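Trainee: Pasting entry.cif below, which is mmCIF, C-alpha atoms.
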data_entry
loop_
_atom_site.group_PDB
_atom_site.id
_atom_site.type_symbol
_atom_site.label_atom_id
_atom_site.label_comp_id
_atom_site.auth_asym_id
_atom_site.auth_seq_id
_atom_site.Cartn_x
_atom_site.Cartn_y
_atom_site.Cartn_z
ATOM 1 C CA SER A 4 -6.224 4.348 24.161
ATOM 2 C CA ILE A 5 -4.150 2.153 26.458
ATOM 3 C CA ASN A 6 -2.391 0.742 23.368
ATOM 4 C CA ASN A 7 -1.157 4.146 22.260
ATOM 5 C CA PHE A 8 -0.293 5.307 25.763
ATOM 6 C CA PHE A 9 2.143 2.452 26.247
ATOM 7 C CA LYS A 10 3.477 2.367 22.698
ATOM 8 C CA VAL A 11 7.151 3.302 22.637
ATOM 9 C CA GLY A 12 7.726 6.502 20.710
ATOM 10 C CA TYR A 13 4.112 7.711 20.968
ATOM 11 C CA PHE A 14 3.922 11.344 22.057
ATOM 12 C CA ASN A 15 1.058 13.089 23.836
ATOM 13 C CA PRO A 16 0.592 15.972 26.322
ATOM 14 C CA ILE A 17 0.844 13.629 29.331
ATOM 15 C CA HIS A 18 4.187 12.423 28.029
ATOM 16 C CA THR A 19 5.254 16.071 27.638
ATOM 17 C CA ILE A 20 4.826 16.636 31.347
ATOM 18 C CA PHE A 21 7.149 13.734 32.179
ATOM 19 C CA ILE A 22 9.774 14.899 29.692
ATOM 20 C CA ASP A 23 9.706 18.453 31.034
ATOM 21 C CA MET A 24 10.014 17.116 34.575
ATOM 22 C CA PHE A 25 13.061 14.987 33.748
ATOM 23 C CA ARG A 26 14.690 17.879 31.905
ATOM 24 C CA LEU A 27 14.187 20.338 34.735
ATOM 25 C CA ILE A 28 15.132 18.091 37.625
ATOM 26 C CA ASP A 29 18.641 16.656 37.652
ATOM 27 C CA SER A 30 19.253 14.226 40.475
ATOM 28 C CA TYR A 31 20.344 10.622 40.848
ATOM 29 C CA LYS A 32 16.972 9.652 42.282
ATOM 30 C CA ILE A 33 15.084 11.002 39.255
ATOM 31 C CA HIS A 34 17.534 9.265 36.899
ATOM 32 C CA ASP A 35 16.952 6.002 38.741
ATOM 33 C CA ILE A 36 13.178 6.394 38.640
ATOM 34 C CA ALA A 37 13.290 7.130 34.913
ATOM 35 C CA ASP A 38 15.284 3.978 34.239
ATOM 36 C CA LYS A 39 12.901 1.838 36.264
ATOM 37 C CA ILE A 40 9.815 3.277 34.542
ATOM 38 C CA ILE A 41 11.234 2.537 31.123
ATOM 39 C CA ASN A 42 12.484 -0.882 32.190
ATOM 40 C CA TYR A 43 9.218 -2.099 33.671
ATOM 41 C CA ILE A 44 6.833 -0.725 31.054
ATOM 42 C CA LEU A 45 8.578 -0.813 27.709
ATOM 43 C CA PHE A 46 11.182 -3.549 27.516
ATOM 44 C CA TYR A 47 9.252 -6.741 26.708
ATOM 45 C CA VAL A 48 7.745 -7.126 23.216
ATOM 46 C CA LEU A 49 6.670 -9.645 20.607
ATOM 47 C CA HIS A 50 8.373 -9.435 17.213
ATOM 48 C CA SER A 51 7.387 -10.581 13.751
ATOM 49 C CA ASN A 52 9.626 -13.002 11.911
ATOM 50 C CA PRO A 53 11.610 -11.078 9.209
ATOM 51 C CA ASN A 54 11.970 -14.271 7.181
ATOM 52 C CA ASP A 55 8.210 -14.480 6.823
ATOM 53 C CA LYS A 56 7.611 -12.383 3.696
ATOM 54 C CA LYS A 57 3.897 -12.214 4.469
ATOM 55 C CA ASN A 58 4.795 -10.593 7.787
ATOM 56 C CA THR A 59 2.168 -12.500 9.741
ATOM 57 C CA ALA A 60 4.069 -14.682 12.246
ATOM 58 C CA PRO A 61 4.712 -12.928 15.595
ATOM 59 C CA LYS A 62 7.493 -14.337 17.791
ATOM 60 C CA VAL A 63 8.381 -13.628 21.421
ATOM 61 C CA VAL A 64 11.586 -11.736 22.100
ATOM 62 C CA THR A 65 12.857 -9.658 25.030
ATOM 63 C CA PHE A 66 14.943 -6.523 25.285
ATOM 64 C CA GLY A 67 18.242 -6.237 27.087
ATOM 65 C CA SER A 68 18.815 -3.900 29.987
ATOM 66 C CA ALA A 69 17.206 -0.498 30.285
ATOM 67 C CA PRO A 70 19.117 2.607 29.168
ATOM 68 C CA THR A 71 21.163 4.262 31.888
ATOM 69 C CA THR A 72 21.551 7.817 30.609
ATOM 70 C CA LEU A 73 19.103 10.630 30.018
ATOM 71 C CA ALA A 74 20.456 10.977 26.472
ATOM 72 C CA SER A 75 19.460 7.393 25.678
ATOM 73 C CA LEU A 76 15.980 8.160 27.022
ATOM 74 C CA GLY A 77 15.698 11.099 24.660
ATOM 75 C CA PHE A 78 15.764 13.815 27.305
ATOM 76 C CA ILE A 79 19.028 15.370 26.095
ATOM 77 C CA ASN A 80 19.510 16.269 22.447
ATOM 78 C CA VAL A 81 22.748 15.390 20.690
ATOM 79 C CA PRO A 82 24.759 17.971 18.719
ATOM 80 C CA ALA A 83 24.282 18.390 14.979
ATOM 81 C CA PRO A 84 25.154 17.389 12.329
ATOM 82 C CA TYR A 85 24.107 13.851 13.131
ATOM 83 C CA LEU A 86 25.611 11.924 10.221
ATOM 84 C CA ASP A 87 29.131 11.393 8.977
ATOM 85 C CA LYS A 88 30.136 13.902 6.336
ATOM 86 C CA LEU A 89 30.007 12.626 2.766
ATOM 87 C CA THR A 90 33.176 12.592 0.718
ATOM 88 C CA PRO A 91 33.351 15.231 -2.050
ATOM 89 C CA GLU A 92 32.873 12.507 -4.682
ATOM 90 C CA LYS A 93 29.634 11.319 -3.056
ATOM 91 C CA GLN A 94 28.107 14.707 -2.237
ATOM 92 C CA ASN A 95 26.706 15.238 -5.720
ATOM 93 C CA SER A 96 25.511 11.677 -6.296
ATOM 94 C CA THR A 97 24.055 10.646 -2.912
ATOM 95 C CA TYR A 98 20.317 10.925 -2.330
ATOM 96 C CA SER A 99 19.094 10.361 1.230
ATOM 97 C CA LEU A 100 15.800 8.640 2.042
ATOM 98 C CA ILE A 101 14.661 9.190 5.629
ATOM 99 C CA LEU A 102 12.036 6.770 6.895
ATOM 100 C CA ASP A 103 9.860 6.865 9.976
ATOM 101 C CA LEU A 104 9.396 3.592 11.877
ATOM 102 C CA ASP A 105 6.126 3.310 13.830
ATOM 103 C CA GLU A 106 2.960 3.258 11.702
ATOM 104 C CA THR A 107 5.122 3.773 8.597
ATOM 105 C CA LEU A 108 7.042 0.477 8.505
ATOM 106 C CA VAL A 109 5.664 -1.333 11.556
ATOM 107 C CA HIS A 110 2.855 -1.122 14.117
ATOM 108 C CA PHE A 111 3.358 -1.791 17.818
ATOM 109 C CA PHE A 112 0.443 -2.650 20.113
ATOM 110 C CA TYR A 113 0.259 -3.355 23.825
ATOM 111 C CA THR A 114 -0.746 -6.823 25.061
ATOM 112 C CA PRO A 115 -1.164 -8.285 28.553
ATOM 113 C CA SER A 116 2.105 -10.182 28.074
ATOM 114 C CA GLY A 117 4.030 -7.059 27.004
ATOM 115 C CA GLY A 118 3.543 -5.971 23.426
ATOM 116 C CA ALA A 119 3.727 -6.944 19.775
ATOM 117 C CA PHE A 120 4.446 -5.478 16.399
ATOM 118 C CA LEU A 121 3.367 -6.202 12.858
ATOM 119 C CA ILE A 122 5.380 -5.396 9.757
ATOM 120 C CA ARG A 123 3.786 -3.443 6.923
ATOM 121 C CA PRO A 124 3.391 -5.398 3.668
ATOM 122 C CA TYR A 125 6.274 -4.947 1.201
ATOM 123 C CA CYS A 126 8.506 -3.534 3.944
ATOM 124 C CA PHE A 127 11.415 -5.868 3.225
ATOM 125 C CA GLN A 128 11.145 -5.456 -0.520
ATOM 126 C CA PHE A 129 10.904 -1.681 -0.128
ATOM 127 C CA LEU A 130 14.023 -1.440 2.032
ATOM 128 C CA GLU A 131 16.028 -3.719 -0.222
ATOM 129 C CA GLU A 132 15.063 -1.901 -3.434
ATOM 130 C CA MET A 133 15.438 1.633 -2.056
ATOM 131 C CA SER A 134 18.901 0.829 -0.680
ATOM 132 C CA LYS A 135 20.074 0.415 -4.267
ATOM 133 C CA PHE A 136 19.260 4.048 -5.029
ATOM 134 C CA TYR A 137 19.287 5.908 -1.712
ATOM 135 C CA GLU A 138 21.221 6.192 1.498
ATOM 136 C CA ILE A 139 18.512 4.928 3.872
ATOM 137 C CA ILE A 140 18.194 6.629 7.257
ATOM 138 C CA ILE A 141 15.647 5.560 9.868
ATOM 139 C CA PHE A 142 14.523 8.582 11.883
ATOM 140 C CA THR A 143 12.170 7.669 14.708
ATOM 141 C CA ALA A 144 10.889 9.426 17.804
ATOM 142 C CA ALA A 145 11.116 6.081 19.589
ATOM 143 C CA LEU A 146 13.693 5.132 22.193
ATOM 144 C CA LYS A 147 16.940 3.623 20.911
ATOM 145 C CA ASP A 148 16.610 0.195 22.571
ATOM 146 C CA TYR A 149 13.087 -0.271 21.280
ATOM 147 C CA ALA A 150 13.903 0.929 17.764
ATOM 148 C CA ASP A 151 17.087 -1.146 17.502
ATOM 149 C CA SER A 152 15.280 -4.303 18.564
ATOM 150 C CA ILE A 153 12.942 -3.877 15.578
ATOM 151 C CA LEU A 154 15.531 -2.639 13.090
ATOM 152 C CA ASP A 155 17.852 -5.532 13.914
ATOM 153 C CA LEU A 156 15.075 -7.830 12.739
ATOM 154 C CA LEU A 157 14.103 -5.779 9.696
ATOM 155 C CA ASP A 158 17.714 -5.512 8.556
ATOM 156 C CA PRO A 159 19.674 -8.164 10.486
ATOM 157 C CA ASN A 160 22.760 -7.947 8.287
ATOM 158 C CA LYS A 161 22.704 -4.138 8.146
ATOM 159 C CA LYS A 162 22.722 -4.190 4.367
ATOM 160 C CA TRP A 163 19.877 -1.747 3.728
ATOM 161 C CA ILE A 164 19.744 0.833 6.530
ATOM 162 C CA LYS A 165 22.877 2.968 6.776
ATOM 163 C CA TYR A 166 22.014 5.222 9.729
ATOM 164 C CA ARG A 167 19.601 5.208 12.652
ATOM 165 C CA LEU A 168 18.362 8.356 14.373
ATOM 166 C CA TYR A 169 16.270 8.241 17.542
ATOM 167 C CA ARG A 170 14.311 10.368 19.992
ATOM 168 C CA GLN A 171 17.440 12.218 21.142
ATOM 169 C CA HIS A 172 17.889 13.499 17.584
ATOM 170 C CA THR A 173 14.422 15.085 17.469
ATOM 171 C CA SER A 174 13.490 18.629 18.453
ATOM 172 C CA ILE A 175 10.460 19.288 20.634
ATOM 173 C CA ASN A 176 8.057 21.634 18.871
ATOM 174 C CA GLY A 177 4.900 22.197 20.908
ATOM 175 C CA ILE A 178 3.731 18.648 21.725
ATOM 176 C CA THR A 179 5.555 17.031 18.797
ATOM 177 C CA PHE A 180 8.914 15.342 18.421
ATOM 178 C CA CYS A 181 9.861 17.248 15.275
ATOM 179 C CA LYS A 182 12.459 15.873 12.835
ATOM 180 C CA ASP A 183 14.593 18.823 11.789
ATOM 181 C CA LEU A 184 16.277 17.728 8.576
ATOM 182 C CA SER A 185 18.648 20.706 8.630
ATOM 183 C CA LYS A 186 20.487 19.025 11.530
ATOM 184 C CA ILE A 187 21.148 15.737 9.768
ATOM 185 C CA GLY A 188 24.082 16.927 7.697
ATOM 186 C CA ARG A 189 22.798 16.244 4.189
ATOM 187 C CA ASP A 190 21.930 18.393 1.177
ATOM 188 C CA LEU A 191 18.210 19.141 1.556
ATOM 189 C CA GLY A 192 17.945 19.261 -2.219
ATOM 190 C CA LYS A 193 18.735 15.540 -2.235
ATOM 191 C CA THR A 194 16.829 14.498 0.880
ATOM 192 C CA ILE A 195 13.350 12.950 1.148
ATOM 193 C CA ILE A 196 11.497 11.981 4.321
ATOM 194 C CA VAL A 197 8.542 9.567 4.411
ATOM 195 C CA ASP A 198 6.423 9.722 7.548
ATOM 196 C CA ASN A 199 2.847 8.965 8.563
ATOM 197 C CA LEU A 200 2.725 12.229 10.551
ATOM 198 C CA ALA A 201 3.164 15.363 8.467
ATOM 199 C CA ASP A 202 3.838 17.378 11.640
ATOM 200 C CA ASN A 203 7.091 15.456 12.027
ATOM 201 C CA PHE A 204 8.578 17.161 8.960
ATOM 202 C CA LYS A 205 6.780 20.499 9.208
ATOM 203 C CA LEU A 206 10.081 22.399 9.412
ATOM 204 C CA GLN A 207 10.924 21.176 5.880
ATOM 205 C CA PRO A 208 7.495 20.357 4.363
ATOM 206 C CA ASN A 209 8.755 20.290 0.770
ATOM 207 C CA ASN A 210 11.080 17.400 1.636
ATOM 208 C CA GLY A 211 8.298 15.298 3.085
ATOM 209 C CA ILE A 212 5.956 12.681 1.660
ATOM 210 C CA HIS A 213 3.032 11.749 3.875
ATOM 211 C CA ILE A 214 2.167 8.045 3.890
ATOM 212 C CA TRP A 215 -1.011 6.719 5.449
ATOM 213 C CA THR A 216 -0.825 5.475 9.004
ATOM 214 C CA TRP A 217 -0.635 1.674 8.941
ATOM 215 C CA LEU A 218 -2.013 -0.501 11.722
ATOM 216 C CA GLU A 219 -2.839 -3.993 10.483
ATOM 217 C CA ASP A 220 -4.165 -4.018 6.893
ATOM 218 C CA MET A 221 -2.214 -6.849 5.243
ATOM 219 C CA LYS A 222 -3.596 -5.836 1.822
ATOM 220 C CA ASP A 223 -1.909 -2.438 1.992
ATOM 221 C CA THR A 224 0.352 -1.676 -1.017
ATOM 222 C CA GLN A 225 1.521 1.858 -0.298
ATOM 223 C CA LEU A 226 5.178 0.968 0.277
ATOM 224 C CA ASN A 227 5.244 -0.931 -2.998
ATOM 225 C CA ASP A 228 3.605 1.923 -4.924
ATOM 226 C CA LEU A 229 5.705 4.621 -3.262
ATOM 227 C CA GLY A 230 8.863 2.639 -3.937
ATOM 228 C CA ARG A 231 8.211 2.786 -7.659
ATOM 229 C CA ILE A 232 7.766 6.565 -7.474
ATOM 230 C CA LEU A 233 10.938 7.086 -5.460
ATOM 231 C CA LYS A 234 12.923 4.884 -7.832
ATOM 232 C CA ASP A 235 11.698 6.782 -10.898
ATOM 233 C CA LEU A 236 12.504 10.076 -9.184
ATOM 234 C CA VAL A 237 16.108 9.301 -8.284
ATOM 235 C CA ILE A 238 16.859 7.785 -11.698
ATOM 236 C CA LYS A 239 16.214 11.267 -13.121
ATOM 237 C CA GLN A 240 18.946 12.657 -10.821
ATOM 238 C CA PRO A 241 17.221 16.004 -10.090
ATOM 239 C CA GLY A 242 19.397 18.765 -8.675
ATOM 240 C CA ASP A 243 16.631 19.519 -6.155
ATOM 241 C CA VAL A 244 13.923 17.016 -5.210
ATOM 242 C CA ARG A 245 11.721 19.577 -3.470
ATOM 243 C CA PRO A 246 9.936 21.030 -6.536
ATOM 244 C CA ILE A 247 9.200 17.477 -7.701
ATOM 245 C CA ILE A 248 7.812 16.464 -4.310
ATOM 246 C CA LYS A 249 5.633 19.593 -4.235
ATOM 247 C CA LYS A 250 4.111 18.712 -7.622
ATOM 248 C CA LEU A 251 3.581 15.139 -6.466
ATOM 249 C CA LYS A 252 1.804 16.258 -3.304
ATOM 250 C CA ASP A 253 -0.334 18.785 -5.221
ATOM 251 C CA ASP A 254 -1.536 15.979 -7.497
ATOM 252 C CA ILE A 255 -2.152 13.668 -4.545
ATOM 253 C CA ASN A 256 -4.194 16.347 -2.763
ATOM 254 C CA LYS A 257 -6.365 16.822 -5.866
ATOM 255 C CA LYS A 258 -6.875 13.072 -6.133
ATOM 256 C CA MET A 259 -7.741 12.756 -2.452
ATOM 257 C CA ARG A 260 -10.335 15.522 -2.645
ATOM 258 C CA ASN A 261 -12.315 13.344 -5.022
ATOM 259 C CA ASN A 262 -11.880 10.088 -3.111
ATOM 260 C CA MET A 263 -10.367 9.932 0.370
ATOM 261 C CA ASN A 264 -10.196 6.136 0.338
ATOM 262 C CA ILE A 265 -7.912 5.571 -2.643
ATOM 263 C CA ASN A 266 -4.208 4.758 -2.472
ATOM 264 C CA PRO A 267 -2.556 8.163 -3.127
ATOM 265 C CA PHE A 268 0.529 6.612 -4.769
ATOM 266 C CA LYS A 269 -1.184 4.163 -7.095
ATOM 267 C CA ASP A 270 -0.766 4.862 -10.830
ATOM 268 C CA VAL A 271 1.299 8.016 -10.246
ATOM 269 C CA ASP A 272 3.686 8.785 -13.112
ATOM 270 C CA ILE A 273 6.387 11.012 -11.662
ATOM 271 C CA ASN A 274 8.110 11.360 -15.034
ATOM 272 C CA LYS A 275 5.572 14.016 -16.070
ATOM 273 C CA TYR A 276 6.962 16.376 -13.430
ATOM 274 C CA PHE A 277 10.264 16.542 -15.313
ATOM 275 C CA LYS A 278 8.743 17.668 -18.618
#
Show how you would write the structure in this file as structure tokens.

Mentor:
Amino acid sequence: SINNFFKVGYFNPIHTIFIDMFRLIDSYKIHDIADKIINYILFYVLHSNPNDKKNTAPKVVTFGSAPTTLASLGFINVPAPYLDKLTPEKQNSTYSLILDLDETLVHFFYTPSGGAFLIRPYCFQFLEEMSKFYEIIIFTAALKDYADSILDLLDPNKKWIKYRLYRQHTSINGITFCKDLSKIGRDLGKTIIVDNLADNFKLQPNNGIHIWTWLEDMKDTQLNDLGRILKDLVIKQPGDVRPIIKKLKDDINKKMRNNMNINPFKDVDINKYFK
């Protein structure tokens, strides 16, 4: 649809062609064209008010200038590891929660005046509560300017989200911006990623929890229900989260086979996986 084509961070085969072109051709003219394309199409959006806990009041806001480097456009990957190294004291106690942005926490849609985004119910509560137990990392395939404009509203005081990773931190795998967790610089035994696209964490599937794609349902409770599960998990301080996540996903798959329309995280007791 036209909404998805213009949505920042959305990836499709047409977009692949443009990315390959910009990677193969290195000239000032192409750089200039790339900047103008991004500037004219993607840099005016509507934002929801983060102080509105019901997440229903959109407000107009504009971006700053367009990015001026290919790296900021996501056409040049940055070297790994991406995050600052943990101190020896924190290595054993730090659990990392990696969160996707679009359709996991928010939903962007194109409008004649530019664009808009809605915030998933319980998003603020989820971020605040999880930050007490996890090092929160946003990992999005979106462009940095777009993502920052949203994250600055979700976490204006930078109290909850510790790190932000963008399109330039992803790895292209087929027609997907893949999120390779081995490049982040954290113990995979203490790392969890939540994403609405399972393909995004297919390189480390046992670290990933698939959440339903969210568009506009203001009765959705998945972040609230998942938050309870993640809290119960980290309180147990497992040496490796991956076997626990696998058991969780096996149970969810069994539940979903019986009823595809139920909330997969509702009434899940993760404590049974530690018995």

Trainee: Which of these residues is nearest to Asn210 in chain A, using only C-alpha atoms: A:Arg245, A:Lys278, A:His110, A:Lys269?

Mentor: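 Of all the options, A:Arg245 lies closest to Asn210 in chain A.
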
Trainee: Need the shell around range 138-146 of chain A: protein/DNA/RNA residues with any atom at most 9 Å away, counting all atoms listed in the file. Skip same-chain ones fewer than 3 positions apart. Format as a ChimeraX atom specification?

Mentor: /A:11-14,75-77,97-105,130,133-135,149-151,154,163-173,180-182,196

Trainee: Can you list, as a list in words, every protein, DNA or RNA residue that comes within 7 Å of Phe129 in chain A when you count all atoms listed in the file, leaving out same-chain residues fewer than 2 positions away?

Mentor: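 The residues that qualify are Tyr125, Cys126, Phe127, Glu131, Glu132, Met133, Leu226, Asn227 and Gly230 of chain A.
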
Trainee: Could those residues be written to a file, using C-alpha atoms, as a tab-separated table (two decimals), in the frame of the given file?

Mentor:
chain	number	residue	atom	x	y	z
A	125	TYR	CA	6.27	-4.95	1.20
A	126	CYS	CA	8.51	-3.53	3.94
A	127	PHE	CA	11.42	-5.87	3.22
A	131	GLU	CA	16.03	-3.72	-0.22
A	132	GLU	CA	15.06	-1.90	-3.43
A	133	MET	CA	15.44	1.63	-2.06
A	226	LEU	CA	5.18	0.97	0.28
A	227	ASN	CA	5.24	-0.93	-3.00
A	230	GLY	CA	8.86	2.64	-3.94

Trainee: From the list A:Phe136, A:Trp215, A:Phe268, A:Phe204, which residue is nearest Leu236 in chain A when using only C-alpha atoms?

Mentor: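 Looking at the shortest contact to Leu236 in chain A, the residue is A:Phe136.
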
Trainee: Distance CA of Lys249 in chain A-CA of Val237 in chain A, one decimal place?

Mentor: 15.2 Å

Trainee: With 12 Å as the threshold, what does the neighbourhood of (16.0, 14.7, -9.1) contain in terms of residues, counting all atoms listed in the file? Coordinates are those of the file; answer as a PyMOL selection string.

Mentor: chain A and resi 95-99+136-137+191-195+232-248+273-274+276-277

Trainee: I'd like to know which of A:Asp198, A:Leu206, A:Lys257, A:Val109 is closest to Ile153 in chain A, using all atoms listed in the file.

Mentor: A:Val109

Trainee: If you measure from CA of Trp217 in chain A to CA of Leu157 in chain A, what distance in Å do you get, rounded to one decimal?

Mentor: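 These two atoms are separated by 16.5 Å.
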
Trainee: I'd like the neighbourhood of Asp220 in chain A as an NGL selection string, where a residue qualifies if any of its atoms comes within 10 Å (using only C-alpha atoms), though same-chain residues fewer than 2 positions away should be ignored.

Mentor: :A and (121 or 123-124 or 217-218 or 222-224)

Trainee: Of the residues A:Asn209, A:Asp87, A:Val81, A:Thr114, which is the one nearest to Gly188 in chain A, using all atoms listed in the file?

Mentor: A:Asp87

Trainee: What does the distance from CA of Lys88 in chain A to CA of Arg231 in chain A come to in Å, to one decimal?

Mentor: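 Computing the Euclidean distance for CA of Lys88 in chain A and CA of Arg231 in chain A yields 28.3 Å.
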
Trainee: Considering only C-alpha atoms, state which residue in the set A:Lys205, A:Lys161, A:Lys147, A:Arg189 is at the smallest distance from Ala83 in chain A.

Mentor: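 For Ala83 in chain A, the nearest of the candidates is A:Arg189.
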
Trainee: Using all atoms listed in the file, which residue out of A:Gly177, A:Pro82, A:Gly211, A:Pro91 lies closest to Lys250 in chain A?

Mentor: A:Gly211
